[in-house]
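Asker: Got a structure here, written out as structure tokens. Questions coming.
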Amino acid sequence: MTGTRQPIERADVGRTPRGAEEPRWVKGLLIAAALAFVLVFLLLPLANVFAQAFAKGWTYCAQSLLDADTRAAIRLTLAVAAITVPLNLLFGLAAAWAIAKFEFRGKSLLITLIDLPFSVSPVVAGLVFVILFGRQGYLGPWLEAHDVQVIFALPGMVLATVFVTFPFVARELIPVMQATGTEQEEAALTLGANGWQTFWHVTLPSVKWGLLYGVILCNARAMGEFGAVSVVSGHITGLTDTLPLRVEKLYHDYNLTAAFTVAGLLALLALLTLVLKTLLEWKQARDDGRVEREPETPTA
Amino acid sequence: MTEKRFNSLPGFGLTMGYTLLYLSVIVLLPLGGLMLRVLQLSWPEFWRLATAPRALAAYELTFGASLVAAGINAVFGTLMAWVLVRYEFPGRRFLDALVDFPFALPTAVAGLTLASLFSANGWLGRFLVPLGIHGAFTSLGVVIALTFIGLPFVVRTLQPVLENLEHEVEEAAATLGAGRLRTFVSVIAPTLLPAVLTGFALALARAIGEYGSVIFIAGNKPFESEIAPLLIVIKLEEYDYPGALALALVLLAISFLLLIGINLLERWARRRQG
Amino acid sequence: MSIELRNVTKRFGGVAAVNNVSFTVQEGELMALLGPSGGGKTTVLRMIAGLEVPSSGDLFIRRQRVNDIPVQRRNIGFVFQNYALFKNMTVFGNVAFGLKIQRWRRQDIAARVAELLEVFELTGLERRYPHQLSGGQRQRVAIARALASKPSVLLLDEPFGAVDAKIRQELREWLVRLHHELNVTTIFVTHDQEEAMEVANRIVIFSRGNLEQVGTPREVYEQPANEFVARFIGVMNVLDLEVRSGVARLHELEFPAPGLADGQRVRIGFRPYAVQLASDVAQFRYRAVIRHTFFLGIMLRLELELASGLILRARITKEEYARLGLADDREVSFQISQYRVLGNEAAALAPEQAVADPPRLAVTDNL
């Protein structure tokens with residue numbers, strides 16, 4: 001926002017606060033307040049994780065990670081995410097295509113319903129599946145008779161995770177697909193492409209950064225989810241503990257350093273997520289042509 | 001161009017069908033099952049369970065702490081969004097990226113590290129506890145955790161609105177003789193209000209359901225620092241299904257109300273923006 | 001490639017965007033679909049392309065009914081209003097897309113794309129992305145892409161809408177040349193009557209989903225089918241008259257209307273060039289004062305005020321203006337040499353030949 005008007009009657013041009021800007025001291029104060037808030041609420045907690053993790057030195061830290069139960073938790077966390085993310089990705093693509101490219105009645109209701117899991121407490125999300133599949137649940141007796149374990153096992157944890165991460169990909173994709181409109185797809189059709197070819201060559205490439213963005217957020221939440229998974233996991237050490245649950249267990253066992261080491265691993269995941277997210281936002285901005293080269297002089 | 005319709009693109013039936021099926025299987029049917037279970041309780045029983053003294057204390061803490069945390073976020077979120085959009089300073093982009101940290105950090109880790117920070121020998125606790133400010137294992141801890149997890153909502157809701165704000169409008173106010181504060185109060189603030197309220201409501205909704213971060217820092221004493229989601233978990237572990245269901249329904253009802261409220265707010269905000 | 005629409009209607013919800021439209025485009029024509037926005041012209045274009053399906057009526061391409069043939073198999077080239085270039089593909093990728101879909105061989109694709117880029121003066125830009133191109137370049141990429149697999153008809157939706165006024169003129173001439181060279185049946189949509197008049201062989205005029213007139217630029221200008229066309233194409237004086245004892249009147253103006261009942265209303269339109277002026281106030285039947293003179297290059301437009309306060313517009317060349325020694329506030333006499341009866345009353349009123357001042361059907365030079 002650089003105005004072209006010049007202050008006229010002052011000698012110290014450039015120092016003069018223009019009418020539509022705050023005085024420098026106000027700016028400074030506001031920036032300082034924001035930084036202080038970020039320092040206390042974001043940077044200190046982050047630094048504290050790593051400080052506590054390394055409190056007993058590198059070797060202790062490494063040992064905590066190599067612990068058999070922690071390794072089992074890592075494997076389980078990866079497994080849950082590996083199942084959850086593709087499921088929600090597929091759903092996100094289908095939902096975004098239907099919502100962004102077509103007009104139909106009840107669209108805003110559908111969008112609200114897709115957002116619904118965000119406003120349900122994770123604990124309630126877990127409870128919902130206990131009610132369905134638990135021993136006293138609707139399907140409990142049948143499952144028990146057929147020796148199928150859902151609750152206190154991987155399927156239940158996946159279901160709970162799918163529920164809480166349900167909207168991520170769809171939510172990111174819908175606005176991106178809406179923004180690209182339908183003209184490019186129609187152009188592909190007029191050039192002879194069928195539906196799949198159009199989707200594969202035109203739609204997917206134009207939303208790829210938004211798609212990855214949604215996948216990364218979905219993955220972060222899937223790996224980090226605590227409440228919902230906690231309710232359905234049964235807390236069986238070495239079997240149904242994901243990394244966040246492992247943190248809690250170590251904490252309750254008063255093994256603080258180990259708890260922080262596992263927490264540090266998750267914090268690294270969060271940092272990686274942030275870096276990728278920032279990168280993707282930049283890529284998207286570049287693709288949108290918002291960060292553009294000098295426009296060529298028209299030669300038409 | 002009102003002539004636009006998209007009936008030439010293929011795949012509507014397939015994608016819409018899959019969307020509805022998946023939505024039903026993952027979200028609607030399970031939630032419906034829960035509702036059905038609650039309906040099996042008689043009304044007096046439900047009322048007794050939902051308004052037990054321990055439950056009431058849990059609601060009070062949950063809603064009270066959530067409101068305070070969302071309020072703090074409304075103030076500091078507005079400040080952060082303003083600073084990030086309007087000012088150039090070293091580290092601005094880093095700060096911008098960091099705002100999403102609470103979204104990315106698993107809640108258990110957040111709870112763990114906040115509890116450690118505010119405990120008597122933590123980095124902050126060692127200064128605060130002697131002053132009588134007990135951040136860990138108290139109801140204040142609940143507020144701290146909920147403030148942390150709700151931080152990004154107001155900032156991220158407000159940022160695009162601020163970016164789209166026409167600078168000319170402020171300059172117009174200035175040419176009409178309004179001082180900067182006056183311009184902010186009568187020109188800028190009314191434009192931002194819907195977005196701030198939306199962010200506030202989003203942070204509130206998230207805070208009311210939050211579980212992971214709070215249980216690490218709150219101490220979890222009944223009637224004192226026990227939040228409603230935790231009480232559900234406790235009931236469930238005691239195999240008190242009716243008790244858990246009654247509480248869950250109260251939380252769900254409030255989530256839905258907030259969801260509707262947020263939708264209305266967003267609609268209002270869009271209208272405001274034109 | 002002839003195209004025919006027969007009683008085509010398209011409804012969106014309950015609203016008819018295109019209402020019972022029939023017309024034919026001949027092989028090799030350069031046709032304009034003209035009308036105000038929301039008139040249905042884009043919908044017609046999209047139906048020809050196969051991007052919309054008619055609610056009723058039939059669509060023929062080369063005498064074959066194509067209602068049920070999907071867009072992919074109609075062999076048309078479509079240029080979208082905002083070009084709809086694939087943002088994730090280079091210029092080469094965009095132009096080659098249709099050929100790849102049709103599984104052309106790699107070297108054939110390369111040769112065809114190179115040929116097109118040459119024709120469209122885009123050589124050297126193969127590896128640019130759309131956002132690195134100027135508006136004019138984007139448009140030429142879009143047309144090259146549409147023409148790559150040699151479609152039998154080229155459809156363009158507001159082809160000049162998105163470029164600035166300066167290069168618009170060049171693009172118009174360029175489109176005419178292109179059409180001349182390729183001789184492919186071309187239909188374009190525009191809301192700019194000047195553009196349609198200048199570029200097209202024939203024009204289809206739409207308003208609110210209805211077809212108002214089909215004709216050459218000259219036909220729609222000189223013989224507008226109705227008041228809408230008359231007002232939409234060029235400037236028109238329109239009078240609302242009432243019949244009294246066989247004469248349609250408005251203030252001092254009179255037009256013979258034999259056989260019409262008293263009290264009936266009649267609308268009459270005439271072009272500014274049809275107002276013949278004389279400096280001698282006695283030469284013609286009516287008198288007026290020149291209120292304003294507008295300079296439009298070699299032409300001048302005059303605003304005439306009659307004694308009754310009625311305002312008429314007249315058009316005259318600079319030379320004529322000087323010859324007659326005209327100036328603002330001067331009194332002149334005039335007659336209306338050529339006019340048309342507008343609207344549905346046209347049939348009821350006597351044909352033009354029966355009018356007292358016989359209209360000169362020859363086009364005056366100062367058009």
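In the structure tokens, chains take letters A, B, ... by order of appearance, with residues numbered from 1 within each chain and ligands from 1 in the order shown.
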Show me, as CSV, the residues of chain A having an atom within 6 Å of chain B, each with the closest atom pair and its distance in Å, using only C-alpha atoms.

Answerer:
residue,atom,partner,partner_atom,distance
A:Gly19,CA,B:Ala174,CA,5.3
A:Ala20,CA,B:Glu171,CA,5.2
A:Ala34,CA,B:Met80,CA,5.5
A:Pro45,CA,B:Thr113,CA,5.6
A:Val49,CA,B:Thr113,CA,5.8
A:Ala94,CA,B:Thr15,CA,4.6
A:Ala95,CA,B:Thr19,CA,5.3
A:Ala98,CA,B:Met16,CA,5.5
A:Phe102,CA,B:Phe6,CA,5.9
A:Ser119,CA,B:Ser255,CA,5.6
A:Ser121,CA,B:Gly209,CA,3.9
A:Val124,CA,B:Ala248,CA,5.9
A:Val128,CA,B:Pro30,CA,5.8
A:Gly195,CA,B:Pro10,CA,5.7
A:Gly224,CA,B:Pro106,CA,4.3
A:Phe226,CA,B:Gly212,CA,5.7
A:Gly227,CA,B:Gly212,CA,5.5
A:Pro244,CA,B:Ala108,CA,5.9
A:Ala263,CA,B:Val109,CA,5.3
A:Ala270,CA,B:Ala104,CA,4.8

Asker: Give me a file of those residues, with all heavy atoms, as a short mmCIF file (atom, residue, chain, number, x, y, z; two decimals), in the first residue's frame.

Answerer:
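The file below, part-v7.cif, is the result:
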data_model
loop_
_atom_site.label_atom_id
_atom_site.label_comp_id
_atom_site.auth_asym_id
_atom_site.auth_seq_id
_atom_site.Cartn_x
_atom_site.Cartn_y
_atom_site.Cartn_z
N GLY A 19 -2.18 10.32 6.82
CA GLY A 19 -3.41 10.33 7.61
C GLY A 19 -3.95 8.94 7.88
O GLY A 19 -4.60 8.71 8.88
N ALA A 20 -3.67 8.00 7.00
CA ALA A 20 -4.27 6.68 7.13
C ALA A 20 -3.28 5.66 7.69
O ALA A 20 -3.35 4.50 7.39
CB ALA A 20 -4.81 6.22 5.78
N ALA A 34 2.24 -8.41 20.02
CA ALA A 34 2.02 -9.64 19.28
C ALA A 34 3.18 -10.60 19.48
O ALA A 34 2.98 -11.80 19.69
CB ALA A 34 1.84 -9.32 17.79
N PRO A 45 6.54 -22.95 24.66
CA PRO A 45 6.10 -24.34 24.74
C PRO A 45 6.89 -25.24 23.79
O PRO A 45 7.26 -26.36 24.16
CB PRO A 45 4.62 -24.28 24.33
CG PRO A 45 4.20 -22.90 24.65
CD PRO A 45 5.40 -22.03 24.44
N VAL A 49 9.58 -28.38 24.90
CA VAL A 49 9.48 -29.79 24.53
C VAL A 49 10.88 -30.37 24.32
O VAL A 49 11.25 -31.41 24.88
CB VAL A 49 8.64 -29.98 23.24
CG1 VAL A 49 8.70 -31.42 22.78
CG2 VAL A 49 7.21 -29.56 23.48
N ALA A 94 -14.02 -36.68 -4.26
CA ALA A 94 -15.39 -36.89 -4.74
C ALA A 94 -16.28 -35.73 -4.30
O ALA A 94 -17.02 -35.15 -5.11
CB ALA A 94 -15.93 -38.22 -4.22
N ALA A 95 -16.20 -35.38 -3.02
CA ALA A 95 -17.07 -34.32 -2.49
C ALA A 95 -16.77 -33.00 -3.18
O ALA A 95 -17.68 -32.26 -3.56
CB ALA A 95 -16.89 -34.21 -0.99
N ALA A 98 -18.20 -32.90 -6.77
CA ALA A 98 -19.65 -32.73 -6.80
C ALA A 98 -20.05 -31.33 -6.37
O ALA A 98 -20.92 -30.70 -6.98
CB ALA A 98 -20.32 -33.78 -5.90
N PHE A 102 -20.78 -28.51 -9.68
CA PHE A 102 -22.19 -28.63 -10.04
C PHE A 102 -23.05 -27.78 -9.11
O PHE A 102 -22.66 -27.48 -7.99
CB PHE A 102 -22.65 -30.09 -9.94
CG PHE A 102 -21.94 -30.99 -10.90
CD1 PHE A 102 -20.77 -31.62 -10.54
CD2 PHE A 102 -22.43 -31.19 -12.17
CE1 PHE A 102 -20.08 -32.44 -11.43
CE2 PHE A 102 -21.76 -32.01 -13.08
CZ PHE A 102 -20.58 -32.63 -12.70
N SER A 119 -16.84 -29.84 14.72
CA SER A 119 -17.42 -29.22 15.90
C SER A 119 -17.89 -30.27 16.92
O SER A 119 -18.47 -29.92 17.93
CB SER A 119 -18.56 -28.29 15.51
OG SER A 119 -19.41 -28.92 14.61
N SER A 121 -16.91 -32.86 19.77
CA SER A 121 -15.78 -33.13 20.65
C SER A 121 -15.16 -34.48 20.30
O SER A 121 -15.87 -35.45 20.06
CB SER A 121 -16.26 -33.14 22.10
OG SER A 121 -15.22 -33.63 22.93
N VAL A 124 -16.58 -37.33 22.15
CA VAL A 124 -17.89 -37.78 21.66
C VAL A 124 -17.69 -38.62 20.40
O VAL A 124 -18.36 -39.64 20.20
CB VAL A 124 -18.81 -36.58 21.40
CG1 VAL A 124 -20.13 -37.05 20.80
CG2 VAL A 124 -19.06 -35.81 22.68
N VAL A 128 -19.09 -42.39 20.07
CA VAL A 128 -20.02 -42.80 19.02
C VAL A 128 -19.69 -44.21 18.53
O VAL A 128 -20.56 -45.05 18.32
CB VAL A 128 -19.96 -41.77 17.88
CG1 VAL A 128 -20.36 -42.39 16.56
CG2 VAL A 128 -20.80 -40.57 18.20
N GLY A 195 -14.34 -37.87 -19.30
CA GLY A 195 -14.37 -37.43 -17.91
C GLY A 195 -13.09 -37.71 -17.15
O GLY A 195 -12.52 -36.84 -16.50
N GLY A 224 -1.67 -37.12 15.24
CA GLY A 224 -1.64 -36.46 16.54
C GLY A 224 -2.92 -36.61 17.33
O GLY A 224 -2.98 -36.17 18.48
N PHE A 226 -5.76 -37.40 19.79
CA PHE A 226 -5.65 -37.97 21.13
C PHE A 226 -7.01 -38.43 21.67
O PHE A 226 -7.22 -39.62 21.91
CB PHE A 226 -5.02 -36.95 22.07
CG PHE A 226 -4.83 -37.45 23.46
CD1 PHE A 226 -3.74 -38.25 23.78
CD2 PHE A 226 -5.75 -37.14 24.47
CE1 PHE A 226 -3.56 -38.73 25.05
CE2 PHE A 226 -5.57 -37.63 25.75
CZ PHE A 226 -4.48 -38.43 26.04
N GLY A 227 -7.94 -37.48 21.81
CA GLY A 227 -9.19 -37.77 22.50
C GLY A 227 -9.98 -38.93 21.92
O GLY A 227 -10.31 -39.89 22.62
N PRO A 244 0.61 -40.28 20.60
CA PRO A 244 0.05 -39.38 21.62
C PRO A 244 -0.39 -40.13 22.88
O PRO A 244 -0.22 -39.62 23.99
CB PRO A 244 -1.15 -38.75 20.91
CG PRO A 244 -0.83 -38.86 19.46
CD PRO A 244 -0.07 -40.14 19.31
N ALA A 263 7.06 -36.82 22.78
CA ALA A 263 6.40 -35.56 22.41
C ALA A 263 7.24 -34.78 21.42
O ALA A 263 6.71 -34.15 20.49
CB ALA A 263 6.14 -34.72 23.66
N ALA A 270 4.94 -31.81 13.72
CA ALA A 270 4.19 -30.56 13.60
C ALA A 270 4.99 -29.51 12.85
O ALA A 270 4.47 -28.80 11.98
CB ALA A 270 3.80 -30.05 14.98
#

Asker: Can you list every residue in range 60-194 of chain C that DSSP puts in alpha helix (DSSP H), as a ChimeraX atom specification?

Answerer: /C:91-101,106-119,135-147,165-182,193-194

Asker: What is the CA of Val238 in chain C-CA of Gly269 in chain C distance in Å, reported with one decimal?

Answerer: 4.4 Å

Asker: Pull out every residue of chain C sitting within 6 Å of chain A, counting only C-alpha atoms, and send them as a PyMOL selection string.

Answerer: chain C and resi 71-72+84+98+101+131+134+136

Asker: How about saving the chosen residues, N, CA, C and O atoms kept, as an mmCIF file, in the first residue's frame?

Answerer:
data_model
loop_
_atom_site.group_PDB
_atom_site.id
_atom_site.type_symbol
_atom_site.label_atom_id
_atom_site.label_comp_id
_atom_site.auth_asym_id
_atom_site.auth_seq_id
_atom_site.Cartn_x
_atom_site.Cartn_y
_atom_site.Cartn_z
ATOM 1 N N VAL C 71 -20.238 -33.613 -26.456
ATOM 2 C CA VAL C 71 -19.345 -32.543 -26.885
ATOM 3 C C VAL C 71 -18.052 -33.088 -27.491
ATOM 4 O O VAL C 71 -17.554 -32.567 -28.483
ATOM 5 N N GLN C 72 -17.545 -34.178 -26.915
ATOM 6 C CA GLN C 72 -16.255 -34.711 -27.385
ATOM 7 C C GLN C 72 -16.300 -35.142 -28.847
ATOM 8 O O GLN C 72 -15.281 -35.146 -29.518
ATOM 9 N N ALA C 84 -9.880 -19.981 -20.904
ATOM 10 C CA ALA C 84 -9.828 -21.299 -20.248
ATOM 11 C C ALA C 84 -8.574 -22.062 -20.631
ATOM 12 O O ALA C 84 -8.618 -23.263 -20.869
ATOM 13 N N GLY C 98 -5.552 -31.587 -27.357
ATOM 14 C CA GLY C 98 -6.569 -32.311 -28.118
ATOM 15 C C GLY C 98 -5.961 -33.396 -28.996
ATOM 16 O O GLY C 98 -6.543 -34.465 -29.182
ATOM 17 N N ILE C 101 -5.107 -36.350 -26.859
ATOM 18 C CA ILE C 101 -6.319 -37.103 -26.553
ATOM 19 C C ILE C 101 -6.685 -38.003 -27.732
ATOM 20 O O ILE C 101 -7.108 -39.131 -27.574
ATOM 21 N N HIS C 131 0.169 -17.756 -17.576
ATOM 22 C CA HIS C 131 0.278 -16.503 -16.817
ATOM 23 C C HIS C 131 1.483 -15.680 -17.247
ATOM 24 O O HIS C 131 1.656 -14.550 -16.794
ATOM 25 N N SER C 134 0.772 -12.276 -22.646
ATOM 26 C CA SER C 134 -0.096 -11.102 -22.689
ATOM 27 C C SER C 134 -1.512 -11.538 -23.069
ATOM 28 O O SER C 134 -1.725 -12.670 -23.511
ATOM 29 N N GLY C 136 -3.416 -10.716 -25.587
ATOM 30 C CA GLY C 136 -3.548 -11.062 -27.001
ATOM 31 C C GLY C 136 -2.932 -12.422 -27.295
ATOM 32 O O GLY C 136 -3.490 -13.227 -28.055
#

Asker: Using Å and a single decimal, report how far CA of Arg218 in chain C sits from CA of Pro256 in chain C.

Answerer: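 Answer for the CA of Pro256 in chain C to CA of Arg218 in chain C separation: 27.2 Å.
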
Asker: Using only C-alpha atoms, find each residue of chain C with at least one atom at most 7 Å away from an atom of chain B; report its shortest atom-to-atom pair and that distance in Å (one decimal), sort the rows by chain and rising residue number, and return the result as JSON lines.

Answerer:
{"residue": "C:Gly38", "atom": "CA", "partner": "B:Met1", "partner_atom": "CA", "distance": 6.6}
{"residue": "C:Thr43", "atom": "CA", "partner": "B:Glu3", "partner_atom": "CA", "distance": 6.5}
{"residue": "C:Leu51", "atom": "CA", "partner": "B:Ser8", "partner_atom": "CA", "distance": 5.0}
{"residue": "C:Glu52", "atom": "CA", "partner": "B:Ser8", "partner_atom": "CA", "distance": 6.0}

Asker: The selected residues should be written to file as an mmCIF file, in the first residue's frame (atoms: N, CA, C and O atoms).

Answerer:
data_model
loop_
_atom_site.group_PDB
_atom_site.id
_atom_site.type_symbol
_atom_site.label_atom_id
_atom_site.label_comp_id
_atom_site.auth_asym_id
_atom_site.auth_seq_id
_atom_site.Cartn_x
_atom_site.Cartn_y
_atom_site.Cartn_z
ATOM 1 N N GLY C 38 -27.206 -11.724 -21.116
ATOM 2 C CA GLY C 38 -28.410 -12.379 -20.619
ATOM 3 C C GLY C 38 -29.410 -12.640 -21.727
ATOM 4 O O GLY C 38 -30.506 -13.118 -21.480
ATOM 5 N N THR C 43 -25.735 -19.195 -24.466
ATOM 6 C CA THR C 43 -26.370 -20.507 -24.316
ATOM 7 C C THR C 43 -26.525 -21.182 -25.669
ATOM 8 O O THR C 43 -26.313 -22.384 -25.801
ATOM 9 N N LEU C 51 -22.079 -28.268 -24.962
ATOM 10 C CA LEU C 51 -21.847 -28.028 -23.539
ATOM 11 C C LEU C 51 -23.165 -27.877 -22.786
ATOM 12 O O LEU C 51 -23.196 -27.971 -21.572
ATOM 13 N N GLU C 52 -24.224 -27.593 -23.533
ATOM 14 C CA GLU C 52 -25.565 -27.609 -22.949
ATOM 15 C C GLU C 52 -26.436 -28.468 -23.850
ATOM 16 O O GLU C 52 -26.192 -28.562 -25.056
#

Asker: Leaving out Gly199 in chain B and any residue of its chain fewer than 5 positions from it, which residues lie within 12 Å of it when counting only C-alpha atoms, given as a VMD selection string?

Answerer: chain B and resid 70 to 78 81 150 to 159 161 192 to 194 204 to 206 258 261 to 263 265 to 266 269

Asker: Distance CA of Arg267 in chain C-CA of Arg330 in chain C, one decimal place?

Answerer: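 If I compute the distance from CA of Arg267 in chain C to CA of Arg330 in chain C, I get 28.8 Å.
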
Asker: Mind checking DSSP for range 192-232 of chain C and telling me the strand (DSSP E) residues as a ChimeraX atom specification?

Answerer: /C:202-207,210-215

Asker: Keeping only all heavy atoms, write the selected residues as an mmCIF file, in the first residue's frame.

Answerer:
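And here is the file that came out, part15.cif:
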data_model
loop_
_atom_site.group_PDB
_atom_site.id
_atom_site.type_symbol
_atom_site.label_atom_id
_atom_site.label_comp_id
_atom_site.auth_asym_id
_atom_site.auth_seq_id
_atom_site.Cartn_x
_atom_site.Cartn_y
_atom_site.Cartn_z
ATOM 1 N N ARG C 202 -23.007 -12.462 -41.460
ATOM 2 C CA ARG C 202 -24.409 -12.362 -41.078
ATOM 3 C C ARG C 202 -24.499 -12.278 -39.565
ATOM 4 O O ARG C 202 -23.602 -12.709 -38.846
ATOM 5 C CB ARG C 202 -25.197 -13.588 -41.573
ATOM 6 C CG ARG C 202 -25.527 -13.495 -43.067
ATOM 7 C CD ARG C 202 -26.756 -14.328 -43.390
ATOM 8 N NE ARG C 202 -26.551 -15.722 -43.035
ATOM 9 C CZ ARG C 202 -27.548 -16.543 -42.707
ATOM 10 N NH1 ARG C 202 -28.796 -16.095 -42.661
ATOM 11 N NH2 ARG C 202 -27.301 -17.807 -42.412
ATOM 12 N N ILE C 203 -25.616 -11.736 -39.094
ATOM 13 C CA ILE C 203 -25.791 -11.505 -37.667
ATOM 14 C C ILE C 203 -27.111 -12.112 -37.207
ATOM 15 O O ILE C 203 -28.122 -11.987 -37.897
ATOM 16 C CB ILE C 203 -25.808 -9.980 -37.360
ATOM 17 C CG1 ILE C 203 -24.505 -9.334 -37.821
ATOM 18 C CG2 ILE C 203 -26.035 -9.728 -35.879
ATOM 19 C CD1 ILE C 203 -24.485 -7.827 -37.676
ATOM 20 N N VAL C 204 -27.072 -12.787 -36.052
ATOM 21 C CA VAL C 204 -28.306 -13.236 -35.411
ATOM 22 C C VAL C 204 -28.467 -12.390 -34.167
ATOM 23 O O VAL C 204 -27.555 -12.319 -33.346
ATOM 24 C CB VAL C 204 -28.233 -14.724 -35.004
ATOM 25 C CG1 VAL C 204 -29.591 -15.201 -34.519
ATOM 26 C CG2 VAL C 204 -27.753 -15.569 -36.160
ATOM 27 N N ILE C 205 -29.609 -11.736 -34.048
ATOM 28 C CA ILE C 205 -29.802 -10.839 -32.900
ATOM 29 C C ILE C 205 -30.768 -11.466 -31.906
ATOM 30 O O ILE C 205 -31.856 -11.897 -32.277
ATOM 31 C CB ILE C 205 -30.314 -9.466 -33.363
ATOM 32 C CG1 ILE C 205 -29.279 -8.831 -34.292
ATOM 33 C CG2 ILE C 205 -30.575 -8.555 -32.168
ATOM 34 C CD1 ILE C 205 -29.778 -7.637 -35.030
ATOM 35 N N PHE C 206 -30.312 -11.519 -30.636
ATOM 36 C CA PHE C 206 -31.125 -12.091 -29.576
ATOM 37 C C PHE C 206 -31.484 -11.026 -28.556
ATOM 38 O O PHE C 206 -30.717 -10.095 -28.324
ATOM 39 C CB PHE C 206 -30.345 -13.174 -28.819
ATOM 40 C CG PHE C 206 -30.084 -14.396 -29.619
ATOM 41 C CD1 PHE C 206 -28.896 -14.538 -30.311
ATOM 42 C CD2 PHE C 206 -31.009 -15.409 -29.678
ATOM 43 C CE1 PHE C 206 -28.641 -15.668 -31.049
ATOM 44 C CE2 PHE C 206 -30.766 -16.545 -30.416
ATOM 45 C CZ PHE C 206 -29.577 -16.675 -31.102
ATOM 46 N N SER C 207 -32.643 -11.205 -27.943
ATOM 47 C CA SER C 207 -32.928 -10.445 -26.746
ATOM 48 C C SER C 207 -33.830 -11.278 -25.859
ATOM 49 O O SER C 207 -34.810 -11.843 -26.320
ATOM 50 C CB SER C 207 -33.554 -9.104 -27.110
ATOM 51 O OG SER C 207 -34.837 -8.983 -26.581
ATOM 52 N N ASN C 210 -35.086 -14.608 -27.081
ATOM 53 C CA ASN C 210 -35.812 -14.682 -28.349
ATOM 54 C C ASN C 210 -34.925 -14.247 -29.506
ATOM 55 O O ASN C 210 -34.117 -13.331 -29.363
ATOM 56 C CB ASN C 210 -37.049 -13.781 -28.323
ATOM 57 C CG ASN C 210 -38.039 -14.257 -27.293
ATOM 58 O OD1 ASN C 210 -38.428 -15.413 -27.267
ATOM 59 N ND2 ASN C 210 -38.419 -13.351 -26.394
ATOM 60 N N LEU C 211 -35.109 -14.913 -30.625
ATOM 61 C CA LEU C 211 -34.403 -14.487 -31.811
ATOM 62 C C LEU C 211 -35.170 -13.305 -32.404
ATOM 63 O O LEU C 211 -36.363 -13.404 -32.681
ATOM 64 C CB LEU C 211 -34.336 -15.640 -32.807
ATOM 65 C CG LEU C 211 -33.439 -15.455 -34.026
ATOM 66 C CD1 LEU C 211 -32.969 -16.805 -34.531
ATOM 67 C CD2 LEU C 211 -34.142 -14.712 -35.134
ATOM 68 N N GLU C 212 -34.501 -12.185 -32.597
ATOM 69 C CA GLU C 212 -35.180 -10.994 -33.085
ATOM 70 C C GLU C 212 -35.035 -10.844 -34.590
ATOM 71 O O GLU C 212 -35.957 -10.420 -35.278
ATOM 72 C CB GLU C 212 -34.639 -9.747 -32.388
ATOM 73 C CG GLU C 212 -34.753 -9.777 -30.866
ATOM 74 C CD GLU C 212 -36.193 -9.642 -30.386
ATOM 75 O OE1 GLU C 212 -37.081 -9.351 -31.205
ATOM 76 O OE2 GLU C 212 -36.429 -9.832 -29.173
ATOM 77 N N GLN C 213 -33.864 -11.166 -35.102
ATOM 78 C CA GLN C 213 -33.657 -11.032 -36.541
ATOM 79 C C GLN C 213 -32.383 -11.751 -36.960
ATOM 80 O O GLN C 213 -31.426 -11.841 -36.196
ATOM 81 C CB GLN C 213 -33.543 -9.542 -36.931
ATOM 82 C CG GLN C 213 -33.548 -9.330 -38.439
ATOM 83 C CD GLN C 213 -33.623 -7.862 -38.826
ATOM 84 O OE1 GLN C 213 -33.543 -6.996 -37.962
ATOM 85 N NE2 GLN C 213 -33.770 -7.595 -40.107
ATOM 86 N N VAL C 214 -32.406 -12.286 -38.190
ATOM 87 C CA VAL C 214 -31.196 -12.833 -38.793
ATOM 88 C C VAL C 214 -30.995 -12.079 -40.093
ATOM 89 O O VAL C 214 -31.941 -11.887 -40.856
ATOM 90 C CB VAL C 214 -31.343 -14.335 -39.117
ATOM 91 C CG1 VAL C 214 -30.014 -14.907 -39.611
ATOM 92 C CG2 VAL C 214 -31.826 -15.095 -37.909
ATOM 93 N N GLY C 215 -29.761 -11.645 -40.345
ATOM 94 C CA GLY C 215 -29.551 -10.956 -41.617
ATOM 95 C C GLY C 215 -28.125 -10.477 -41.745
ATOM 96 O O GLY C 215 -27.328 -10.581 -40.801
#
